[in-house]
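S.K.: Have a look at this one.
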Amino acid sequence: MSDRLTTGEYKAIAAGLQLPTQAFIDGSFRPAFSGKTFDTTNPATGDVLAKIAACGPDDVDFAVQKARDAFEDGRWSRLHPGERKAVLVRLATLIKRNARELAVMESLDSGKTIYDCETVDVPETIHCIRWHAELIDKIYDQVSPASDNHIAMIVREPVGVVGLVLPWNFPLLMLAWKIGPALAAGNSVIVKPALETSLTALRIAELAMEAGIPAGVFNVVPGGGAEVGEAIGRHADIDAVSFTGSTATGRRFLKYASESNLKEVTLEMGGKNPAVVLNDAENLDRVAAHIVNGAFWNMGENCSASSRLIVQSGIKDELLKRIVAHAREWPMGDPLNPENRVGALVSKTHFDKVASYLEKGQKVLLGGTAKDGFVEPTIIDIADRNAKAVREEIFGPVLTVLTVETFDEAIALANDTEYGLAASIYTANAKKAIRGARVIRAGTVTVNSFGEGDITTPFGGFKASGFGGRDNGIHAHDQYTQLKTIWIDLTDDQDEAVN
Ligand SMILES: NC(=O)C1=CN([C@@H]2O[C@H](COP(=O)(O)OP(=O)(O)OC[C@H]3O[C@@H](n4cnc5c(N)ncnc54)[C@H](O)[C@@H]3O)[C@@H](O)[C@H]2O)C=CC1
Ligand code: BAL
């Protein structure tokens, strides 16, 4: 999608979109049993885009029943992995063919910029599904060390029916991170999109059907957390849940599992991620560009956002000057204007939450204004290490700056958080870079850059940021498979009596 369109052309596509509005269960669209709907709005304008089926526990029951039937009769779970691969590659191709429409739908529903949707969300979604598809017929099972008297096979089997509970910040990409490995491994899935952003998951379900994923294998049940999310978490016939969202809701999924069938739970949750810049960091312009990207990409609505800059005093003024200069190059406004890098926050509720962190009396170096759903990229220099803005996940375009004198102080401060998702360290000193990366308690530590790794590297958190498994890479398959030992006795009946 390198051929960028004009704002007017994107708006014309938006006007012509056919928006999916119903749940997708057992291979077809259907209304909620209750007949209820909820509005999904464009957060950049406040306009209602569509009325979506507001599902509840009875819809979840029905979807689980269909998913279980599909799993047990093997229409997907027992296919040769090469056949599942072919279907998922076809799905990736169909997404590519519909990339523009999906990018516009994603932007309208979430407030994300069309620039991000076309350069990151949609292409990475395609890449992720294709990567897991291509992987699945190349994973071998194992045979354990054995005597002549037995052979023991260690095989991986799909878990069964899996609930995938999604956030609103990367609706398409988080769907891909979960359905890629879950479907490749042979599971049946119940997807619950976030209430704010159901559209693209529903459209992908339709494309999945077109690609040849059998009915019942890929179900999407839109609705509220208390209605659909909890019903998934407590369902006795769901074998595993993979969740991305807030730490508060993640904790609930552990409770649901412990109070129901002890389903496996994987949680990918919040972060308050440090970017540590030491006095000896080189190429400050490049460092500044990475920090701006880390803090403001996706309006800071990103679990791995660099939200705490921890800078050594000797370099602080020079670095901040460059960060401010880079941040000024991020225009904010209409998400469908391809020049804009900062769009609208996902909802009025979330806008109000982010705005509440912008308080009077703060030392604001840039931005600080929140209006009509948009929050300017904001940089705040803060001395109080216990300030709310320093300790809590804001999930908006707000970067707090903390000043330190020494390397040890910087690392201690980086670890002074309940979270442990991501961190960055910028230094020209290889020993400090490696020591810092080893000592910081986070699932991903980048050196002299901001990023989340790529599809080959596991993504997830330490401490209150994560639990139970990883997204991405071959490691993601651990979430969606379980190991079985098959022990075969080879002794001759005449050789040995069974005792
Ligand atoms: N780690 C991440 O990527 C994300 C972190 N967040 C953080 O969470 C904060 C709140 O955002 P929310 O949308 O409220 O996140 P959330 O954690 O409530 O929502 C995530 C998913 O869980 C579902 N859910 C909500 N309540 C539930 C319940 N009681 N039982 C079962 N499922 C439930 C939601 O419908 C959604 O599908 C944000 O400000 C941000 O700090 C939000 C989204 C993504
Ligand atoms: N940045 C990908 C994971 C997340 O924000 O939820």
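Ordered as shown in the structure tokens, chains take letters A, B, and onward, while each chain numbers its residues from 1 and ligands are numbered from 1 in the order shown.
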Using only C-alpha atoms and all ligand atoms, which residues of the polymer chains come no farther than 6 Å from ligand 2? I'd like the answer as a list in words.

M.R.: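 These are the residues that qualify: Thr244, Asn302, Cys303 and Ser304 of chain A.
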
S.K.: Extract, using only C-alpha atoms, all DNA, RNA and protein residues at most 7 Å from Val60 (chain A), discarding same-chain residues fewer than 5 positions from it, and format them as a list of chain:residue names.

M.R.: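 Here the qualifying residues turn out to be A:Val221, A:Val228, A:Ala231, A:Ile232.
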
S.K.: How would you write, as a list in words, the set of residues no farther than 6 Å from ligand 1 when counting only C-alpha atoms and all ligand atoms?

M.R.: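 Final answer, ordered by chain and number: Val165, Leu166, Pro167, Trp168, Asn169, Lys192, Pro193, Ala194, Leu195, Gly224, Gly225, Ala226, Gly229, Glu230, Thr244, Gly245, Ser246, Thr249, Glu268, Met269, Gly270, Asn302, Cys303, Glu393, Ile394 and Phe395 of chain A.
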
S.K.: Could you save the residues just selected, with N, CA and C atoms, as a PDB file, in the first residue's frame?

M.R.:
```pdb
ATOM      1  N   VAL A 165      -9.618 -12.504  23.799  1.00  0.00           N
ATOM      2  CA  VAL A 165     -10.254 -11.260  24.260  1.00  0.00           C
ATOM      3  C   VAL A 165      -9.325 -10.102  23.928  1.00  0.00           C
ATOM      4  N   LEU A 166      -9.845  -9.180  23.114  1.00  0.00           N
ATOM      5  CA  LEU A 166      -8.973  -8.195  22.454  1.00  0.00           C
ATOM      6  C   LEU A 166      -9.127  -6.787  23.013  1.00  0.00           C
ATOM      7  N   PRO A 167      -8.064  -5.983  22.874  1.00  0.00           N
ATOM      8  CA  PRO A 167      -8.123  -4.571  23.254  1.00  0.00           C
ATOM      9  C   PRO A 167      -8.513  -3.710  22.048  1.00  0.00           C
ATOM     10  N   TRP A 168      -8.662  -2.407  22.292  1.00  0.00           N
ATOM     11  CA  TRP A 168      -9.082  -1.509  21.216  1.00  0.00           C
ATOM     12  C   TRP A 168      -7.908  -0.772  20.568  1.00  0.00           C
ATOM     13  N   ASN A 169      -6.707  -0.930  21.108  1.00  0.00           N
ATOM     14  CA  ASN A 169      -5.619  -0.071  20.608  1.00  0.00           C
ATOM     15  C   ASN A 169      -4.990  -0.569  19.307  1.00  0.00           C
ATOM     16  N   LYS A 192     -13.483 -12.093  21.066  1.00  0.00           N
ATOM     17  CA  LYS A 192     -14.286 -10.995  21.617  1.00  0.00           C
ATOM     18  C   LYS A 192     -13.533  -9.699  21.375  1.00  0.00           C
ATOM     19  N   PRO A 193     -13.987  -8.923  20.368  1.00  0.00           N
ATOM     20  CA  PRO A 193     -13.315  -7.627  20.155  1.00  0.00           C
ATOM     21  C   PRO A 193     -13.665  -6.671  21.283  1.00  0.00           C
ATOM     22  N   ALA A 194     -12.857  -5.623  21.454  1.00  0.00           N
ATOM     23  CA  ALA A 194     -13.215  -4.579  22.423  1.00  0.00           C
ATOM     24  C   ALA A 194     -14.500  -3.905  21.951  1.00  0.00           C
ATOM     25  N   LEU A 195     -15.277  -3.441  22.905  1.00  0.00           N
ATOM     26  CA  LEU A 195     -16.568  -2.808  22.590  1.00  0.00           C
ATOM     27  C   LEU A 195     -16.377  -1.640  21.616  1.00  0.00           C
ATOM     28  N   GLY A 224     -20.097  -6.275  25.406  1.00  0.00           N
ATOM     29  CA  GLY A 224     -19.402  -5.674  26.542  1.00  0.00           C
ATOM     30  C   GLY A 224     -18.542  -6.664  27.304  1.00  0.00           C
ATOM     31  N   GLY A 225     -17.628  -6.118  28.094  1.00  0.00           N
ATOM     32  CA  GLY A 225     -16.752  -6.958  28.908  1.00  0.00           C
ATOM     33  C   GLY A 225     -17.534  -7.757  29.931  1.00  0.00           C
ATOM     34  N   ALA A 226     -18.474  -7.085  30.604  1.00  0.00           N
ATOM     35  CA  ALA A 226     -19.221  -7.758  31.666  1.00  0.00           C
ATOM     36  C   ALA A 226     -20.151  -8.824  31.091  1.00  0.00           C
ATOM     37  N   GLY A 229     -17.171 -10.819  27.770  1.00  0.00           N
ATOM     38  CA  GLY A 229     -15.838 -11.156  28.302  1.00  0.00           C
ATOM     39  C   GLY A 229     -15.939 -12.087  29.501  1.00  0.00           C
ATOM     40  N   GLU A 230     -16.809 -11.744  30.424  1.00  0.00           N
ATOM     41  CA  GLU A 230     -16.931 -12.579  31.629  1.00  0.00           C
ATOM     42  C   GLU A 230     -17.490 -13.962  31.283  1.00  0.00           C
ATOM     43  N   THR A 244      -5.573  -9.575  25.956  1.00  0.00           N
ATOM     44  CA  THR A 244      -4.732  -8.375  25.969  1.00  0.00           C
ATOM     45  C   THR A 244      -5.602  -7.211  26.430  1.00  0.00           C
ATOM     46  N   GLY A 245      -5.102  -6.475  27.410  1.00  0.00           N
ATOM     47  CA  GLY A 245      -5.871  -5.332  27.919  1.00  0.00           C
ATOM     48  C   GLY A 245      -5.276  -4.850  29.218  1.00  0.00           C
ATOM     49  N   SER A 246      -6.123  -4.298  30.061  1.00  0.00           N
ATOM     50  CA  SER A 246      -5.613  -3.693  31.293  1.00  0.00           C
ATOM     51  C   SER A 246      -5.278  -4.756  32.340  1.00  0.00           C
ATOM     52  N   THR A 249      -8.413  -5.880  34.379  1.00  0.00           N
ATOM     53  CA  THR A 249      -9.266  -6.911  33.757  1.00  0.00           C
ATOM     54  C   THR A 249      -8.529  -8.243  33.675  1.00  0.00           C
ATOM     55  N   GLU A 268      -1.669 -10.428  28.540  1.00  0.00           N
ATOM     56  CA  GLU A 268      -0.712  -9.415  28.068  1.00  0.00           C
ATOM     57  C   GLU A 268      -1.319  -8.081  28.477  1.00  0.00           C
ATOM     58  N   MET A 269      -0.659  -7.379  29.406  1.00  0.00           N
ATOM     59  CA  MET A 269      -1.340  -6.246  30.040  1.00  0.00           C
ATOM     60  C   MET A 269      -0.525  -4.939  29.945  1.00  0.00           C
ATOM     61  N   GLY A 270      -0.723  -4.103  30.896  1.00  0.00           N
ATOM     62  CA  GLY A 270      -0.218  -2.732  30.781  1.00  0.00           C
ATOM     63  C   GLY A 270       1.286  -2.578  30.936  1.00  0.00           C
ATOM     64  N   ASN A 302      -0.548   2.417  23.581  1.00  0.00           N
ATOM     65  CA  ASN A 302       0.296   1.277  23.260  1.00  0.00           C
ATOM     66  C   ASN A 302       0.879   0.747  24.564  1.00  0.00           C
ATOM     67  N   CYS A 303       0.693  -0.549  24.771  1.00  0.00           N
ATOM     68  CA  CYS A 303       1.170  -1.112  26.049  1.00  0.00           C
ATOM     69  C   CYS A 303       2.681  -0.976  26.201  1.00  0.00           C
ATOM     70  N   GLU A 393      -0.274   3.988  34.351  1.00  0.00           N
ATOM     71  CA  GLU A 393      -0.295   3.882  32.892  1.00  0.00           C
ATOM     72  C   GLU A 393      -1.318   4.885  32.355  1.00  0.00           C
ATOM     73  N   ILE A 394      -0.855   5.864  31.583  1.00  0.00           N
ATOM     74  CA  ILE A 394      -1.762   6.893  31.057  1.00  0.00           C
ATOM     75  C   ILE A 394      -2.404   6.415  29.758  1.00  0.00           C
ATOM     76  N   PHE A 395      -1.634   5.719  28.944  1.00  0.00           N
ATOM     77  CA  PHE A 395      -2.112   5.177  27.669  1.00  0.00           C
ATOM     78  C   PHE A 395      -2.547   6.296  26.722  1.00  0.00           C
TER      79      PHE A 395
END
```

S.K.: Between CA of Ala14 (chain A) and CA of Leu94 (chain A), what is the spacing in Å?

M.R.: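 Separation of CA of Leu94 (chain A) and CA of Ala14 (chain A): 19.2 Å.
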
S.K.: Once you count only C-alpha atoms, what closest atom pair and distance in Å to one decimal does each residue of region 65-96 of chain A within 10 Å of region 20-34 of chain A have, with rows by chain and rising residue number, as a tab-separated table?

M.R.:
```
residue	atom	partner	partner_atom	distance
A:Gln65	CA	A:Asp26	CA	9.4
A:Lys66	CA	A:Asp26	CA	6.0
A:Ala67	CA	A:Asp26	CA	7.4
A:Asp69	CA	A:Asp26	CA	9.9
A:Ala70	CA	A:Asp26	CA	8.9
```

S.K.: Excluding Asn149 (chain A) and residues on its chain fewer than 4 positions from it, collect all residues at most 9 Å away from it, counting only C-alpha atoms, and give them as a ChimeraX atom specification.

M.R.: /A:488-492

S.K.: Would you output that residue set with N, CA and C atoms, as a PDB file, in the first residue's frame?

M.R.:
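Ended up saving to again_39.pdb:
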```pdb
ATOM      1  N   ILE A 488       5.196 -45.969  24.618  1.00  0.00           N
ATOM      2  CA  ILE A 488       4.882 -47.251  23.978  1.00  0.00           C
ATOM      3  C   ILE A 488       5.851 -48.309  24.496  1.00  0.00           C
ATOM      4  N   ASP A 489       5.264 -49.327  25.075  1.00  0.00           N
ATOM      5  CA  ASP A 489       6.065 -50.421  25.622  1.00  0.00           C
ATOM      6  C   ASP A 489       6.440 -51.368  24.484  1.00  0.00           C
ATOM      7  N   LEU A 490       7.734 -51.645  24.348  1.00  0.00           N
ATOM      8  CA  LEU A 490       8.172 -52.501  23.250  1.00  0.00           C
ATOM      9  C   LEU A 490       8.637 -53.879  23.726  1.00  0.00           C
ATOM     10  N   THR A 491       8.489 -54.107  25.046  1.00  0.00           N
ATOM     11  CA  THR A 491       8.994 -55.401  25.536  1.00  0.00           C
ATOM     12  C   THR A 491       8.123 -56.532  25.017  1.00  0.00           C
ATOM     13  N   ASP A 492       8.789 -57.671  24.797  1.00  0.00           N
ATOM     14  CA  ASP A 492       8.091 -58.852  24.352  1.00  0.00           C
ATOM     15  C   ASP A 492       7.377 -59.452  25.538  1.00  0.00           C
TER      16      ASP A 492
END
```

S.K.: As a ChimeraX atom specification, please: every residue in region 429-466 of chain A that a backbone DSSP assignment puts in helix (DSSP H, G or I).

M.R.: /A:430-439

S.K.: Dump N, CA and C atoms for the selected residues as an mmCIF file, in the first residue's frame?

M.R.:
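To be explicit, this is the file written out as part.cif:
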```
data_model
loop_
_atom_site.group_PDB
_atom_site.id
_atom_site.type_symbol
_atom_site.label_atom_id
_atom_site.label_comp_id
_atom_site.auth_asym_id
_atom_site.auth_seq_id
_atom_site.Cartn_x
_atom_site.Cartn_y
_atom_site.Cartn_z
ATOM 1 N N ALA A 430 28.902 -0.584 25.506
ATOM 2 C CA ALA A 430 28.284 -1.900 25.319
ATOM 3 C C ALA A 430 28.068 -2.619 26.648
ATOM 4 N N LYS A 431 29.035 -2.453 27.569
ATOM 5 C CA LYS A 431 28.877 -3.151 28.851
ATOM 6 C C LYS A 431 27.659 -2.629 29.601
ATOM 7 N N LYS A 432 27.508 -1.303 29.605
ATOM 8 C CA LYS A 432 26.352 -0.725 30.314
ATOM 9 C C LYS A 432 25.051 -1.146 29.621
ATOM 10 N N ALA A 433 25.085 -1.184 28.301
ATOM 11 C CA ALA A 433 23.876 -1.567 27.559
ATOM 12 C C ALA A 433 23.468 -2.984 27.938
ATOM 13 N N ILE A 434 24.437 -3.883 27.954
ATOM 14 C CA ILE A 434 24.103 -5.290 28.229
ATOM 15 C C ILE A 434 23.749 -5.474 29.701
ATOM 16 N N ARG A 435 24.524 -4.803 30.588
ATOM 17 C CA ARG A 435 24.203 -4.918 32.014
ATOM 18 C C ARG A 435 22.801 -4.376 32.292
ATOM 19 N N GLY A 436 22.517 -3.222 31.718
ATOM 20 C CA GLY A 436 21.182 -2.621 31.899
ATOM 21 C C GLY A 436 20.098 -3.549 31.371
ATOM 22 N N ALA A 437 20.327 -4.062 30.168
ATOM 23 C CA ALA A 437 19.301 -4.924 29.550
ATOM 24 C C ALA A 437 19.064 -6.177 30.388
ATOM 25 N N ARG A 438 20.129 -6.688 31.027
ATOM 26 C CA ARG A 438 19.960 -7.903 31.846
ATOM 27 C C ARG A 438 19.261 -7.603 33.163
ATOM 28 N N VAL A 439 19.505 -6.415 33.706
ATOM 29 C CA VAL A 439 18.997 -6.125 35.059
ATOM 30 C C VAL A 439 17.579 -5.535 35.041
#
```

S.K.: In region 161-268 of chain A, what's strand (DSSP E) per DSSP? Answer as a VMD selection string?

M.R.: chain A and resid 161 to 165 188 to 192 218 to 220 240 to 244 264 to 268

S.K.: Those same residues - N, CA and C atoms - I'd like them written as a PDB file, in the first residue's frame.

M.R.:
```
ATOM      1  N   VAL A 161     -10.989 -25.319  22.376  1.00  0.00           N
ATOM      2  CA  VAL A 161     -11.745 -24.088  22.117  1.00  0.00           C
ATOM      3  C   VAL A 161     -11.075 -22.974  22.921  1.00  0.00           C
ATOM      4  N   VAL A 162     -10.705 -21.918  22.210  1.00  0.00           N
ATOM      5  CA  VAL A 162      -9.902 -20.865  22.831  1.00  0.00           C
ATOM      6  C   VAL A 162     -10.644 -19.527  22.751  1.00  0.00           C
ATOM      7  N   GLY A 163     -10.716 -18.815  23.859  1.00  0.00           N
ATOM      8  CA  GLY A 163     -11.292 -17.468  23.874  1.00  0.00           C
ATOM      9  C   GLY A 163     -10.184 -16.440  23.665  1.00  0.00           C
ATOM     10  N   LEU A 164     -10.412 -15.520  22.737  1.00  0.00           N
ATOM     11  CA  LEU A 164      -9.408 -14.486  22.435  1.00  0.00           C
ATOM     12  C   LEU A 164     -10.048 -13.137  22.746  1.00  0.00           C
ATOM     13  N   VAL A 165      -9.618 -12.504  23.799  1.00  0.00           N
ATOM     14  CA  VAL A 165     -10.254 -11.260  24.260  1.00  0.00           C
ATOM     15  C   VAL A 165      -9.325 -10.102  23.928  1.00  0.00           C
ATOM     16  N   SER A 188     -10.281 -24.112  17.646  1.00  0.00           N
ATOM     17  CA  SER A 188     -11.448 -23.314  17.265  1.00  0.00           C
ATOM     18  C   SER A 188     -11.435 -22.087  18.174  1.00  0.00           C
ATOM     19  N   VAL A 189     -11.813 -20.927  17.643  1.00  0.00           N
ATOM     20  CA  VAL A 189     -11.678 -19.711  18.455  1.00  0.00           C
ATOM     21  C   VAL A 189     -12.995 -18.945  18.602  1.00  0.00           C
ATOM     22  N   ILE A 190     -13.118 -18.319  19.777  1.00  0.00           N
ATOM     23  CA  ILE A 190     -14.206 -17.370  20.048  1.00  0.00           C
ATOM     24  C   ILE A 190     -13.504 -16.036  20.265  1.00  0.00           C
ATOM     25  N   VAL A 191     -13.676 -15.125  19.332  1.00  0.00           N
ATOM     26  CA  VAL A 191     -13.015 -13.817  19.432  1.00  0.00           C
ATOM     27  C   VAL A 191     -13.982 -12.824  20.060  1.00  0.00           C
ATOM     28  N   LYS A 192     -13.483 -12.093  21.066  1.00  0.00           N
ATOM     29  CA  LYS A 192     -14.286 -10.995  21.617  1.00  0.00           C
ATOM     30  C   LYS A 192     -13.533  -9.699  21.375  1.00  0.00           C
ATOM     31  N   PHE A 218     -14.032 -20.229  13.476  1.00  0.00           N
ATOM     32  CA  PHE A 218     -13.669 -18.835  13.729  1.00  0.00           C
ATOM     33  C   PHE A 218     -14.953 -18.069  14.027  1.00  0.00           C
ATOM     34  N   ASN A 219     -15.175 -17.742  15.282  1.00  0.00           N
ATOM     35  CA  ASN A 219     -16.410 -17.053  15.685  1.00  0.00           C
ATOM     36  C   ASN A 219     -16.053 -15.713  16.318  1.00  0.00           C
ATOM     37  N   VAL A 220     -16.850 -14.709  16.033  1.00  0.00           N
ATOM     38  CA  VAL A 220     -16.627 -13.387  16.637  1.00  0.00           C
ATOM     39  C   VAL A 220     -17.900 -12.972  17.364  1.00  0.00           C
ATOM     40  N   ALA A 240      -8.954 -22.459  26.986  1.00  0.00           N
ATOM     41  CA  ALA A 240      -7.892 -21.479  27.247  1.00  0.00           C
ATOM     42  C   ALA A 240      -8.388 -20.096  26.844  1.00  0.00           C
ATOM     43  N   VAL A 241      -7.842 -19.091  27.504  1.00  0.00           N
ATOM     44  CA  VAL A 241      -8.141 -17.701  27.137  1.00  0.00           C
ATOM     45  C   VAL A 241      -6.823 -16.973  26.925  1.00  0.00           C
ATOM     46  N   SER A 242      -6.760 -16.210  25.849  1.00  0.00           N
ATOM     47  CA  SER A 242      -5.633 -15.302  25.646  1.00  0.00           C
ATOM     48  C   SER A 242      -6.192 -13.885  25.652  1.00  0.00           C
ATOM     49  N   PHE A 243      -5.693 -13.072  26.547  1.00  0.00           N
ATOM     50  CA  PHE A 243      -6.262 -11.740  26.782  1.00  0.00           C
ATOM     51  C   PHE A 243      -5.209 -10.669  26.582  1.00  0.00           C
ATOM     52  N   THR A 244      -5.573  -9.575  25.956  1.00  0.00           N
ATOM     53  CA  THR A 244      -4.732  -8.375  25.969  1.00  0.00           C
ATOM     54  C   THR A 244      -5.602  -7.211  26.430  1.00  0.00           C
ATOM     55  N   GLU A 264      -6.606 -22.514  30.888  1.00  0.00           N
ATOM     56  CA  GLU A 264      -5.312 -21.836  30.824  1.00  0.00           C
ATOM     57  C   GLU A 264      -5.547 -20.361  30.507  1.00  0.00           C
ATOM     58  N   VAL A 265      -4.777 -19.500  31.128  1.00  0.00           N
ATOM     59  CA  VAL A 265      -4.957 -18.059  30.916  1.00  0.00           C
ATOM     60  C   VAL A 265      -3.610 -17.432  30.554  1.00  0.00           C
ATOM     61  N   THR A 266      -3.603 -16.700  29.468  1.00  0.00           N
ATOM     62  CA  THR A 266      -2.418 -15.897  29.134  1.00  0.00           C
ATOM     63  C   THR A 266      -2.838 -14.436  29.126  1.00  0.00           C
ATOM     64  N   LEU A 267      -2.063 -13.614  29.823  1.00  0.00           N
ATOM     65  CA  LEU A 267      -2.426 -12.208  29.973  1.00  0.00           C
ATOM     66  C   LEU A 267      -1.306 -11.325  29.443  1.00  0.00           C
ATOM     67  N   GLU A 268      -1.669 -10.428  28.540  1.00  0.00           N
ATOM     68  CA  GLU A 268      -0.712  -9.415  28.068  1.00  0.00           C
ATOM     69  C   GLU A 268      -1.319  -8.081  28.477  1.00  0.00           C
TER      70      GLU A 268
END
```

S.K.: Applying 12 Å and only C-alpha atoms, which residues near region 277-289 of chain A remain after dropping the ones on its own chain fewer than 5 positions away? List them as a ChimeraX atom specification.

M.R.: /A:294-297,306,308-330,401-411,414,423-430,432-433,436,446-450

S.K.: What does the file look like for those residues with C-alpha atoms, as a PDB file, in the first residue's frame?

M.R.:
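Contents of out34.pdb, freshly written:
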```pdb
ATOM      1  CA  GLY A 294       8.101   5.294  21.365  1.00  0.00           C
ATOM      2  CA  ALA A 295       6.037   7.851  23.263  1.00  0.00           C
ATOM      3  CA  PHE A 296       3.639   9.170  20.622  1.00  0.00           C
ATOM      4  CA  TRP A 297       3.166   6.406  18.065  1.00  0.00           C
ATOM      5  CA  SER A 306       8.028   4.658  26.177  1.00  0.00           C
ATOM      6  CA  ARG A 308       8.928   7.438  31.222  1.00  0.00           C
ATOM      7  CA  LEU A 309      12.074   9.113  29.950  1.00  0.00           C
ATOM      8  CA  ILE A 310      14.868   8.611  32.488  1.00  0.00           C
ATOM      9  CA  VAL A 311      17.740  10.851  31.439  1.00  0.00           C
ATOM     10  CA  GLN A 312      21.172  11.443  32.932  1.00  0.00           C
ATOM     11  CA  SER A 313      21.608  15.110  33.851  1.00  0.00           C
ATOM     12  CA  GLY A 314      24.682  15.729  31.678  1.00  0.00           C
ATOM     13  CA  ILE A 315      22.757  15.182  28.475  1.00  0.00           C
ATOM     14  CA  LYS A 316      19.277  16.247  29.506  1.00  0.00           C
ATOM     15  CA  ASP A 317      18.972  19.748  28.032  1.00  0.00           C
ATOM     16  CA  GLU A 318      20.450  18.817  24.666  1.00  0.00           C
ATOM     17  CA  LEU A 319      18.290  15.710  24.386  1.00  0.00           C
ATOM     18  CA  LEU A 320      15.057  17.447  25.375  1.00  0.00           C
ATOM     19  CA  LYS A 321      15.671  20.187  22.801  1.00  0.00           C
ATOM     20  CA  ARG A 322      15.889  17.544  20.094  1.00  0.00           C
ATOM     21  CA  ILE A 323      12.929  15.521  21.389  1.00  0.00           C
ATOM     22  CA  VAL A 324      10.740  18.619  21.332  1.00  0.00           C
ATOM     23  CA  ALA A 325      11.920  19.434  17.804  1.00  0.00           C
ATOM     24  CA  HIS A 326      11.107  15.918  16.590  1.00  0.00           C
ATOM     25  CA  ALA A 327       7.726  15.846  18.315  1.00  0.00           C
ATOM     26  CA  ARG A 328       6.769  19.097  16.568  1.00  0.00           C
ATOM     27  CA  GLU A 329       7.067  17.162  13.300  1.00  0.00           C
ATOM     28  CA  TRP A 330       4.135  14.951  14.294  1.00  0.00           C
ATOM     29  CA  VAL A 401      10.801  13.160  32.144  1.00  0.00           C
ATOM     30  CA  LEU A 402      12.777  12.086  35.215  1.00  0.00           C
ATOM     31  CA  THR A 403      16.369  13.169  35.821  1.00  0.00           C
ATOM     32  CA  VAL A 404      19.101  10.979  37.323  1.00  0.00           C
ATOM     33  CA  GLU A 405      22.809  11.336  38.063  1.00  0.00           C
ATOM     34  CA  THR A 406      24.162   7.795  37.757  1.00  0.00           C
ATOM     35  CA  PHE A 407      23.723   4.590  35.807  1.00  0.00           C
ATOM     36  CA  ASP A 408      22.708   2.667  38.933  1.00  0.00           C
ATOM     37  CA  GLU A 409      20.112   5.290  39.819  1.00  0.00           C
ATOM     38  CA  ALA A 410      18.713   5.094  36.288  1.00  0.00           C
ATOM     39  CA  ILE A 411      18.350   1.316  36.394  1.00  0.00           C
ATOM     40  CA  ALA A 414      13.551   1.949  35.533  1.00  0.00           C
ATOM     41  CA  ALA A 423      12.216  -0.821  28.256  1.00  0.00           C
ATOM     42  CA  SER A 424      14.889   0.905  26.171  1.00  0.00           C
ATOM     43  CA  ILE A 425      18.423   1.884  27.003  1.00  0.00           C
ATOM     44  CA  TYR A 426      20.455   4.353  24.973  1.00  0.00           C
ATOM     45  CA  THR A 427      24.244   4.346  25.468  1.00  0.00           C
ATOM     46  CA  ALA A 428      27.438   3.928  23.467  1.00  0.00           C
ATOM     47  CA  ASN A 429      28.900   1.747  26.212  1.00  0.00           C
ATOM     48  CA  ALA A 430      28.284  -1.900  25.319  1.00  0.00           C
ATOM     49  CA  LYS A 432      26.352  -0.725  30.314  1.00  0.00           C
ATOM     50  CA  ALA A 433      23.876  -1.567  27.559  1.00  0.00           C
ATOM     51  CA  GLY A 436      21.182  -2.621  31.899  1.00  0.00           C
ATOM     52  CA  THR A 446      15.698  -2.559  23.196  1.00  0.00           C
ATOM     53  CA  VAL A 447      19.155  -1.030  22.969  1.00  0.00           C
ATOM     54  CA  ASN A 448      19.621   2.294  21.139  1.00  0.00           C
ATOM     55  CA  SER A 449      16.150   2.010  19.647  1.00  0.00           C
ATOM     56  CA  PHE A 450      12.458   1.743  20.431  1.00  0.00           C
TER      57      PHE A 450
END
```

S.K.: Can you pull out the residues contacting region 452-458 of chain A? Cut-off 10 Å, using only C-alpha atoms, and skip same-chain residues under 6 positions away; I want them as a CSV table (one decimal) with C-alpha atoms, in the first residue's frame.

M.R.:
```
chain,number,residue,atom,x,y,z
A,124,GLU,CA,1.8,-6.5,9.9
A,127,HIS,CA,2.6,-10.7,7.7
A,128,CYS,CA,1.7,-12.2,11.1
A,129,ILE,CA,-1.0,-14.6,9.7
A,131,TRP,CA,4.2,-16.2,9.1
A,132,HIS,CA,2.3,-18.6,11.5
A,177,TRP,CA,-1.3,-12.0,17.0
A,294,GLY,CA,8.1,5.3,21.4
A,304,SER,CA,4.9,-0.8,25.2
A,305,ALA,CA,4.9,3.0,24.8
A,421,LEU,CA,6.6,-5.0,29.7
A,422,ALA,CA,9.2,-3.1,27.8
A,423,ALA,CA,12.2,-0.8,28.3
A,443,GLY,CA,9.9,-8.8,28.7
A,444,THR,CA,11.5,-6.8,25.9
A,445,VAL,CA,14.5,-4.5,26.3
A,446,THR,CA,15.7,-2.6,23.2
A,469,GLY,CA,2.8,-17.1,27.9
A,470,ARG,CA,4.0,-15.0,25.0
A,471,ASP,CA,2.5,-13.6,21.8
A,472,ASN,CA,4.6,-13.8,18.6
A,473,GLY,CA,7.4,-16.0,17.5
A,474,ILE,CA,7.4,-19.8,17.7
A,475,HIS,CA,6.8,-19.3,21.5
A,476,ALA,CA,3.3,-18.1,20.8
```

S.K.: Would you list the contacts of Arg78 (chain A) as a PyMOL selection string, taking every protein, DNA or RNA residue within 12 Å and counting only C-alpha atoms, but skipping same-chain residues closer than 4 positions in sequence?

M.R.: chain A and resi 70-74+82-84+157-158+160+183-188

S.K.: So that I can check the surroundings of Asn337 (chain A), please list as number ranges by chain every protein, DNA and RNA residue that reaches within 12 Å of it, counting only C-alpha atoms and ignoring chain neighbours fewer than 3 positions away.

M.R.: A: 4-11, 44, 104, 107-108, 111-117, 331-334, 340-343
